[in-house]
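Engineer: This is my_file_3.txt (compact mmCIF, C-alpha atoms).
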```txt
# COMPACT_ATOMS: atom_id res chain seq x y z
CA MET A 1 55.28 11.11 42.79
CA GLY A 2 54.39 9.86 46.29
CA GLU A 3 51.67 11.26 48.51
CA ILE A 4 52.38 14.89 49.27
CA ASN A 5 50.66 16.99 51.83
CA ILE A 6 48.14 18.65 49.58
CA ASN A 7 45.10 18.14 51.77
CA ASN A 8 45.20 21.67 53.18
CA GLN A 9 45.90 23.21 49.81
CA LYS A 10 44.03 20.79 47.60
CA GLU A 11 42.23 23.47 45.61
CA PHE A 12 45.51 25.26 44.88
CA PHE A 13 47.06 21.97 43.87
CA LYS A 14 44.17 21.33 41.49
CA LEU A 15 44.44 24.83 40.03
CA ILE A 16 48.18 24.44 39.47
CA SER A 17 47.59 21.03 37.84
CA TYR A 18 44.86 22.54 35.66
CA MET A 19 47.14 25.36 34.54
CA VAL A 20 50.15 23.16 33.83
CA THR A 21 47.99 20.66 31.92
CA SER A 22 46.43 23.55 30.01
CA ALA A 23 49.86 24.96 29.19
CA ARG A 24 50.78 21.61 27.65
CA GLY A 25 47.43 21.17 25.93
CA CYS A 26 47.35 24.65 24.41
CA ILE A 27 50.42 23.85 22.29
CA ASP A 28 48.29 21.54 20.17
CA GLU A 29 44.77 22.82 20.79
CA PRO A 30 42.80 25.56 19.02
CA LYS A 31 44.16 29.03 19.80
CA ILE A 32 40.90 30.20 21.40
CA TYR A 33 41.25 27.53 24.10
CA GLY A 34 44.19 29.51 25.49
CA SER A 35 41.95 32.53 26.14
CA PHE A 36 39.31 30.32 27.68
CA ARG A 37 41.76 28.55 29.99
CA LEU A 38 43.20 31.88 31.19
CA LEU A 39 39.74 33.19 32.05
CA ASP A 40 38.73 29.91 33.64
CA SER A 41 41.90 30.00 35.75
CA ILE A 42 41.04 33.51 36.93
CA CYS A 43 37.59 32.31 38.04
CA LYS A 44 39.03 29.27 39.79
CA LEU A 45 41.69 31.37 41.54
CA TYR A 46 39.16 33.96 42.67
CA ASN A 47 36.85 31.25 44.02
CA ILE A 48 39.69 29.74 46.04
CA LEU A 49 40.72 33.10 47.47
CA GLU A 50 37.09 33.94 48.27
CA LYS A 51 36.47 30.59 49.95
CA LYS A 52 39.57 31.05 52.09
CA LYS A 53 38.41 34.61 52.88
CA LEU A 54 41.57 36.06 51.41
CA ILE A 55 39.69 38.43 49.16
CA GLU A 56 36.48 40.38 49.41
CA ASP A 57 35.74 43.07 46.89
CA ASP A 58 32.27 43.64 45.44
CA LYS A 59 33.49 45.48 42.37
CA LEU A 60 36.08 42.87 41.53
CA LYS A 61 33.47 40.20 42.14
CA GLU A 62 31.27 41.88 39.53
CA VAL A 63 34.12 41.65 37.04
CA ILE A 64 34.65 37.98 37.89
CA ASN A 65 30.94 37.34 37.35
CA LYS A 66 31.17 38.97 33.93
CA ILE A 67 34.16 36.80 33.09
CA GLU A 68 32.27 33.72 34.26
CA ASP A 69 29.23 34.64 32.15
CA ASN A 70 31.34 35.37 29.09
CA LYS A 71 33.93 32.61 29.06
CA TYR A 72 31.81 30.03 27.19
CA ASN A 73 31.23 32.53 24.38
CA SER A 74 34.78 31.70 23.34
CA PHE A 75 33.32 28.50 21.86
CA LYS A 76 29.93 29.83 20.79
CA ASN A 77 30.24 33.39 19.61
CA LYS A 78 33.71 34.74 19.05
CA ASP A 79 32.64 38.33 18.28
CA LYS A 80 30.58 38.53 21.45
CA PHE A 81 33.47 37.01 23.39
CA ILE A 82 35.92 39.64 22.10
CA ASN A 83 33.52 42.54 22.71
CA SER A 84 32.83 41.39 26.26
CA LEU A 85 36.54 41.03 26.98
CA ASP A 86 37.11 44.58 25.71
CA MET A 87 34.39 45.82 28.06
CA ILE A 88 35.80 43.86 31.00
CA ILE A 89 39.24 45.37 30.39
CA LEU A 90 37.70 48.85 30.55
CA ASP A 91 35.94 47.86 33.79
CA LEU A 92 39.33 46.87 35.19
CA VAL A 93 40.79 50.22 34.14
CA ASP A 94 37.99 51.95 36.10
CA LEU A 95 38.77 49.81 39.12
CA MET A 96 42.31 51.21 39.19
CA ASP A 97 41.07 54.73 39.92
CA MET B 98 8.55 12.18 19.58
CA LYS B 99 11.69 10.08 19.85
CA THR B 100 12.65 9.69 16.21
CA ILE B 101 16.34 9.44 15.45
CA ILE B 102 16.55 12.90 13.89
CA ASN B 103 14.88 14.44 16.95
CA ILE B 104 17.31 12.71 19.28
CA ILE B 105 20.24 13.84 17.11
CA LYS B 106 18.99 17.42 17.27
CA LYS B 107 18.24 17.22 20.98
CA ARG B 108 21.76 16.16 21.99
CA ARG B 109 23.75 19.04 23.45
CA SER B 110 27.19 19.25 25.03
CA VAL B 111 26.28 19.75 28.67
CA ARG B 112 28.71 21.19 31.20
CA ASN B 113 26.53 21.39 34.28
CA TYR B 114 25.47 18.26 36.13
CA LYS B 115 23.44 17.26 39.16
CA ASP B 116 25.12 15.21 41.85
CA LYS B 117 23.39 11.96 40.85
CA LYS B 118 25.18 8.99 39.37
CA VAL B 119 23.93 7.04 36.38
CA GLU B 120 23.24 3.42 37.35
CA ARG B 121 25.83 0.87 36.26
CA LYS B 122 23.19 -1.15 34.41
CA ILE B 123 22.40 1.90 32.25
CA MET B 124 26.10 2.60 31.74
CA GLU B 125 26.52 -0.92 30.42
CA GLU B 126 23.58 -0.44 28.03
CA LEU B 127 25.31 2.67 26.72
CA ILE B 128 28.55 0.78 26.19
CA LEU B 129 26.60 -1.89 24.32
CA ALA B 130 25.33 0.82 21.97
CA GLY B 131 28.93 1.93 21.52
CA THR B 132 30.03 -1.55 20.54
CA TRP B 133 27.42 -1.59 17.75
CA ALA B 134 29.10 1.30 15.97
CA PRO B 135 30.75 0.59 12.62
CA SER B 136 34.34 -0.58 12.95
CA GLY B 137 36.95 -0.49 10.18
CA SER B 138 37.75 -4.13 9.20
CA ASN B 139 35.65 -5.00 12.25
CA ILE B 140 38.79 -4.75 14.37
CA GLN B 141 36.93 -3.27 17.34
CA SER B 142 40.08 -2.04 19.00
CA TRP B 143 38.01 0.11 21.37
CA LYS B 144 38.10 -0.27 25.15
CA PHE B 145 35.73 1.54 27.48
CA VAL B 146 36.71 2.52 31.01
CA ILE B 147 33.66 3.49 33.04
CA VAL B 148 34.61 5.82 35.87
CA ASP B 149 32.17 6.28 38.73
CA ASN B 150 34.63 6.31 41.63
CA ASN B 151 34.82 9.87 42.97
CA LYS B 152 38.50 9.73 43.87
CA ILE B 153 39.55 8.55 40.41
CA LYS B 154 37.13 10.96 38.79
CA GLU B 155 38.66 13.86 40.72
CA LYS B 156 42.14 12.85 39.57
CA ILE B 157 41.01 12.71 35.95
CA ASP B 158 39.22 16.03 36.33
CA THR B 159 42.41 17.65 37.65
CA PHE B 160 44.35 16.75 34.51
CA SER B 161 41.54 17.31 32.00
CA PRO B 162 41.04 21.02 31.36
CA GLY B 163 38.18 20.31 28.96
CA LEU B 164 36.17 18.46 31.58
CA MET B 165 33.66 20.83 33.14
CA GLY B 166 30.59 20.84 35.36
CA ASN B 167 31.58 18.05 37.75
CA PRO B 168 29.99 15.14 35.85
CA PRO B 169 29.14 12.14 38.08
CA ASN B 170 30.15 9.57 35.46
CA LEU B 171 32.77 9.31 32.77
CA ILE B 172 33.49 6.88 30.00
CA VAL B 173 37.10 7.05 28.91
CA ILE B 174 37.15 5.52 25.45
CA CYS B 175 40.52 4.06 24.66
CA TYR B 176 41.90 1.97 21.86
CA ASP B 177 44.27 -0.93 21.62
CA LYS B 178 46.84 0.44 19.20
CA LYS B 179 48.73 -2.86 19.11
CA LEU B 180 45.64 -4.75 17.95
CA ALA B 181 44.73 -1.94 15.55
CA TYR B 182 48.19 -2.17 13.95
CA GLU B 183 48.31 -5.97 13.85
CA LYS B 184 44.96 -6.22 12.12
CA GLY B 185 44.70 -2.89 10.33
CA GLY B 186 48.26 -1.83 9.63
CA LYS B 187 49.24 1.82 9.73
CA LEU B 188 45.78 2.91 8.59
CA GLY B 189 44.17 0.88 11.38
CA ARG B 190 46.48 2.28 14.04
CA ASP B 191 46.57 5.91 12.93
CA GLU B 192 43.05 6.42 11.62
CA LEU B 193 40.50 3.60 11.76
CA GLY B 194 40.86 2.90 15.46
CA LYS B 195 40.22 6.53 16.33
CA MET B 196 37.39 6.92 13.81
CA ASP B 197 35.70 3.87 15.31
CA ILE B 198 35.84 5.51 18.71
CA CYS B 199 34.17 8.67 17.41
CA MET B 200 31.32 6.61 15.99
CA ALA B 201 31.00 4.56 19.20
CA ALA B 202 30.93 7.78 21.21
CA GLN B 203 28.11 9.16 19.07
CA ASN B 204 26.08 5.97 19.60
CA ILE B 205 26.63 6.31 23.35
CA MET B 206 25.62 9.96 23.40
CA LEU B 207 22.51 9.42 21.30
CA LEU B 208 21.24 6.54 23.42
CA ALA B 209 22.01 8.60 26.53
CA THR B 210 19.98 11.48 25.08
CA GLU B 211 17.05 9.13 24.53
CA LYS B 212 17.33 8.13 28.20
CA GLU B 213 17.35 11.81 29.29
CA ILE B 214 21.01 11.56 30.28
CA SER B 215 23.24 14.50 29.35
CA THR B 216 26.68 14.07 27.86
CA CYS B 217 29.70 15.95 26.56
CA PRO B 218 32.62 14.63 24.52
CA VAL B 219 35.97 15.86 25.84
CA LYS B 220 39.32 15.72 24.11
CA SER B 221 41.27 18.23 26.21
CA PHE B 222 43.06 16.01 28.70
CA ASP B 223 46.63 14.95 29.28
CA ASP B 224 47.10 11.49 27.74
CA ASN B 225 50.03 10.50 29.95
CA ALA B 226 48.30 11.58 33.14
CA LEU B 227 45.20 9.59 32.23
CA LYS B 228 47.23 6.53 31.36
CA LYS B 229 48.87 6.68 34.77
CA ILE B 230 45.65 7.36 36.70
CA LEU B 231 43.74 4.57 34.93
CA LYS B 232 46.70 2.16 34.98
CA LEU B 233 46.43 1.64 31.23
CA PRO B 234 48.99 -0.67 29.60
CA ASP B 235 51.43 0.94 27.16
CA TYR B 236 49.52 -0.29 24.12
CA ILE B 237 46.23 1.25 25.26
CA ASP B 238 45.74 4.97 24.53
CA PRO B 239 42.90 7.15 25.82
CA VAL B 240 41.23 8.88 22.87
CA LEU B 241 38.04 10.53 24.13
CA ILE B 242 36.20 11.11 27.38
CA VAL B 243 32.40 11.18 27.39
CA THR B 244 30.98 12.85 30.49
CA LEU B 245 27.54 11.69 31.59
CA GLY B 246 24.95 12.63 34.15
CA TYR B 247 21.65 14.29 34.78
CA SER B 248 21.14 17.98 34.23
CA ASP B 249 18.26 20.40 34.11
CA LYS B 250 20.27 22.90 32.10
CA GLN B 251 19.96 22.24 28.40
CA PRO B 252 22.14 24.70 26.42
CA SER B 253 20.54 26.39 23.45
CA PRO B 254 21.51 24.84 20.12
CA PRO B 255 24.52 26.41 18.41
CA ASN B 256 24.29 27.63 14.84
CA ARG B 257 24.70 24.97 12.17
CA LYS B 258 25.77 25.60 8.61
CA SER B 259 22.88 24.88 6.29
CA VAL B 260 22.91 21.76 4.10
CA ASP B 261 23.20 23.78 0.91
CA LYS B 262 26.36 25.49 2.24
CA VAL B 263 28.18 22.26 2.95
CA SER B 264 26.94 19.81 0.29
CA PHE B 265 27.46 19.21 -3.38
CA TYR B 266 25.96 16.78 -5.86
CA ASN B 267 28.48 14.60 -7.66
CA GLU B 268 31.26 17.20 -8.00
CA TRP B 269 32.82 19.93 -5.94
CA GLY B 270 31.14 23.23 -6.68
CA ARG B 271 27.79 21.84 -7.83
CA LEU B 272 25.74 23.27 -5.03
CA ILE B 273 22.48 21.78 -3.89
```
Go through the file and emit its structure as structure tokens.
Structural biologist:
Amino acid sequence: MGEININNQKEFFKLISYMVTSARGCIDEPKIYGSFRLLDSICKLYNILEKKKLIEDDKLKEVINKIEDNKYNSFKNKDKFINSLDMIILDLVDLMD
Amino acid sequence: MKTIINIIKKRRSVRNYKDKKVERKIMEELILAGTWAPSGSNIQSWKFVIVDNNKIKEKIDTFSPGLMGNPPNLIVICYDKKLAYEKGGKLGRDELGKMDICMAAQNIMLLATEKEISTCPVKSFDDNALKKILKLPDYIDPVLIVTLGYSDKQPSPPNRKSVDKVSFYNEWGRLI
């Protein structure tokens, strides 16, 4: 692939590359990596949108912070990881009201 | 005290680095430690690519989902599968070459720990992308990335299974 004009959208390009590479990797990697990569992608996407001032929502930001704090538990403490995800899902349900 | 067991226990997988590169002279000392690892049939099919160029590092980072915390330095440990096969047969190519790399990586990480340099071994990367980025010949495969740098965030140690849960004397089932 030659040089493409990704300079203005470099972070999106990197996120897409991360997700495609993860999609390939997850076929052979431990199952829990899939959950981690999804959460990590959410954090990366939110950071891009925030930096570009395309999103601003304190409550959603709180949820993102919880995801960020919890994502490494996928490797360290599976039970804690699952419990935190369950709580985050309920937080998201509240946000829909 | 810097005894080997203390250094072994002190090593953590770090995913949060300061923006400060490790000097090349130190990187070469670390590689030297790697080359003193055991090697099956002494084939030494390992090759070490030190990456400290930001542009190349960013490319590798983009196609390595397991690489986290923006490390300033990488060592991509590769092996020469042609040499491993010529000298070690199928066993050399499929197993010994990769086992050697694991032992070399541990040497590198332990010496780094002694030098207060943080590390993390990373296997989640796309082989083909790395081969293209690093311009590796067909017969050279990337096996493991070791990230390196300085950090003031030392993760707490994870749980380890106790010796009596994982060891036996002489026969399976004869617990310590």
Engineer: Which of these residues is nearest to chain B, using only C-alpha atoms: A:Lys31, A:Lys52, A:Arg37, A:Lys66?
Structural biologist: A:Arg37
Engineer: Please indicate the distance in Å from CA of Phe222 in chain B to CA of Lys144 in chain B, rounded to one decimal place.
Structural biologist: 17.4 Å
Engineer: Would you work out the distance separating CA of Gly246 in chain B from CA of Glu126 in chain B, expressed in Å to one decimal?
Structural biologist: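 CA of Gly246 in chain B sits 14.5 Å away from CA of Glu126 in chain B.
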Engineer: Between A:Leu60, A:Lys80, A:Asp94, A:Ser41, which has the minimum distance to Ser17 in chain A (counting only C-alpha atoms)?
Structural biologist: A:Ser41
Engineer: Using all atoms listed in the file, find the one residue out of B:Phe145, B:Tyr236, B:Phe160, B:Tyr266 that sits nearest to chain A.
Structural biologist: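 Of all the options, B:Phe160 lies closest to chain A.
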Engineer: Tell me which of A:Tyr18, A:Phe75, A:Phe36, A:Phe13 sits closest to chain B, counting only C-alpha atoms.
Structural biologist: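 For chain B, the nearest of the candidates is A:Tyr18.
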Engineer: Could you tell me which residues of chain B sit within 10 Å of chain A when counting all atoms listed in the file, and give me the result as a PyMOL selection string?
Structural biologist: chain B and resi 155-156+158-163+220-224+226+254-256
Engineer: Extract range 154-261 of chain B from the coordinates I pasted, and write it as a CSV table (one decimal), in the first residue's frame (atoms kept: C-alpha atoms).
Structural biologist:
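Final file, part_14.csv:
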```csv
chain,number,residue,atom,x,y,z
B,154,LYS,CA,8.0,2.0,16.7
B,155,GLU,CA,4.7,3.7,15.9
B,156,LYS,CA,4.1,1.4,12.9
B,157,ILE,CA,4.9,-1.7,15.1
B,158,ASP,CA,2.6,-0.4,17.8
B,159,THR,CA,-0.3,0.0,15.3
B,160,PHE,CA,-0.2,-3.6,14.4
B,161,SER,CA,0.6,-5.0,17.8
B,162,PRO,CA,-2.5,-5.1,20.0
B,163,GLY,CA,-0.6,-6.5,22.9
B,164,LEU,CA,1.9,-3.6,23.0
B,165,MET,CA,0.8,-1.0,25.6
B,166,GLY,CA,2.0,2.0,27.4
B,167,ASN,CA,4.0,3.6,24.6
B,168,PRO,CA,7.4,2.0,25.4
B,169,PRO,CA,10.4,4.0,24.1
B,170,ASN,CA,12.4,1.0,23.1
B,171,LEU,CA,11.6,-2.4,21.7
B,172,ILE,CA,13.5,-5.5,21.0
B,173,VAL,CA,11.9,-7.7,18.4
B,174,ILE,CA,13.4,-11.1,18.9
B,175,CYS,CA,13.3,-13.1,15.7
B,176,TYR,CA,14.7,-16.5,14.6
B,177,ASP,CA,16.3,-17.8,11.5
B,178,LYS,CA,14.0,-20.7,10.7
B,179,LYS,CA,16.2,-21.8,7.8
B,180,LEU,CA,19.3,-22.1,10.0
B,181,ALA,CA,17.2,-23.7,12.8
B,182,TYR,CA,16.0,-26.4,10.3
B,183,GLU,CA,19.4,-27.0,8.7
B,184,LYS,CA,21.1,-27.5,12.0
B,185,GLY,CA,18.3,-28.8,14.2
B,186,GLY,CA,15.8,-30.4,11.8
B,187,LYS,CA,12.1,-30.2,12.5
B,188,LEU,CA,12.6,-30.1,16.2
B,189,GLY,CA,15.1,-27.2,15.8
B,190,ARG,CA,12.7,-25.2,13.5
B,191,ASP,CA,9.4,-25.9,15.3
B,192,GLU,CA,10.5,-25.9,19.0
B,193,LEU,CA,14.1,-25.3,19.9
B,194,GLY,CA,14.5,-22.0,18.1
B,195,LYS,CA,11.5,-20.6,19.8
B,196,MET,CA,12.4,-22.0,23.2
B,197,ASP,CA,15.8,-20.4,22.9
B,198,ILE,CA,14.2,-17.1,22.3
B,199,CYS,CA,12.1,-17.4,25.4
B,200,MET,CA,15.2,-18.1,27.5
B,201,ALA,CA,17.1,-15.2,25.8
B,202,ALA,CA,14.1,-12.9,26.5
B,203,GLN,CA,14.2,-13.8,30.2
B,204,ASN,CA,17.9,-13.1,30.4
B,205,ILE,CA,17.2,-9.7,28.8
B,206,MET,CA,14.3,-8.9,31.2
B,207,LEU,CA,16.2,-9.9,34.3
B,208,LEU,CA,19.3,-7.9,33.5
B,209,ALA,CA,17.0,-4.9,32.6
B,210,THR,CA,15.3,-5.3,36.0
B,211,GLU,CA,18.7,-5.2,37.7
B,212,LYS,CA,19.4,-1.9,35.8
B,213,GLU,CA,16.0,-0.5,37.0
B,214,ILE,CA,14.6,-0.8,33.4
B,215,SER,CA,11.1,-2.0,33.1
B,216,THR,CA,10.0,-4.6,30.5
B,217,CYS,CA,7.1,-6.5,29.1
B,218,PRO,CA,7.1,-9.5,26.8
B,219,VAL,CA,4.5,-9.2,24.0
B,220,LYS,CA,3.3,-11.9,21.7
B,221,SER,CA,0.1,-10.3,20.4
B,222,PHE,CA,1.3,-8.8,17.1
B,223,ASP,CA,0.7,-9.5,13.5
B,224,ASP,CA,3.7,-11.5,12.2
B,225,ASN,CA,3.2,-10.5,8.5
B,226,ALA,CA,2.9,-6.8,9.4
B,227,LEU,CA,6.0,-6.9,11.5
B,228,LYS,CA,8.0,-8.7,8.8
B,229,LYS,CA,7.0,-6.0,6.3
B,230,ILE,CA,7.7,-3.1,8.7
B,231,LEU,CA,11.1,-4.5,9.7
B,232,LYS,CA,12.0,-5.6,6.2
B,233,LEU,CA,12.7,-9.1,7.5
B,234,PRO,CA,13.8,-11.7,4.9
B,235,ASP,CA,11.4,-14.6,4.4
B,236,TYR,CA,13.4,-17.0,6.5
B,237,ILE,CA,13.4,-14.7,9.5
B,238,ASP,CA,10.2,-14.8,11.7
B,239,PRO,CA,9.4,-12.5,14.6
B,240,VAL,CA,8.7,-14.5,17.7
B,241,LEU,CA,8.5,-12.1,20.7
B,242,ILE,CA,8.7,-8.4,21.4
B,243,VAL,CA,10.2,-7.2,24.6
B,244,THR,CA,9.2,-3.6,25.4
B,245,LEU,CA,11.7,-1.6,27.5
B,246,GLY,CA,11.8,1.8,29.2
B,247,TYR,CA,11.7,3.6,32.5
B,248,SER,CA,8.6,3.7,34.6
B,249,ASP,CA,7.7,4.7,38.1
B,250,LYS,CA,4.6,2.5,38.1
B,251,GLN,CA,5.5,-1.0,39.3
B,252,PRO,CA,2.4,-3.2,39.2
B,253,SER,CA,1.7,-5.3,42.2
B,254,PRO,CA,2.8,-8.9,41.9
B,255,PRO,CA,0.1,-11.3,40.6
B,256,ASN,CA,-0.8,-14.5,42.5
B,257,ARG,CA,1.5,-17.4,41.9
B,258,LYS,CA,0.6,-21.0,42.5
B,259,SER,CA,2.6,-22.4,45.4
B,260,VAL,CA,5.5,-24.8,44.9
B,261,ASP,CA,3.6,-27.7,46.5
```
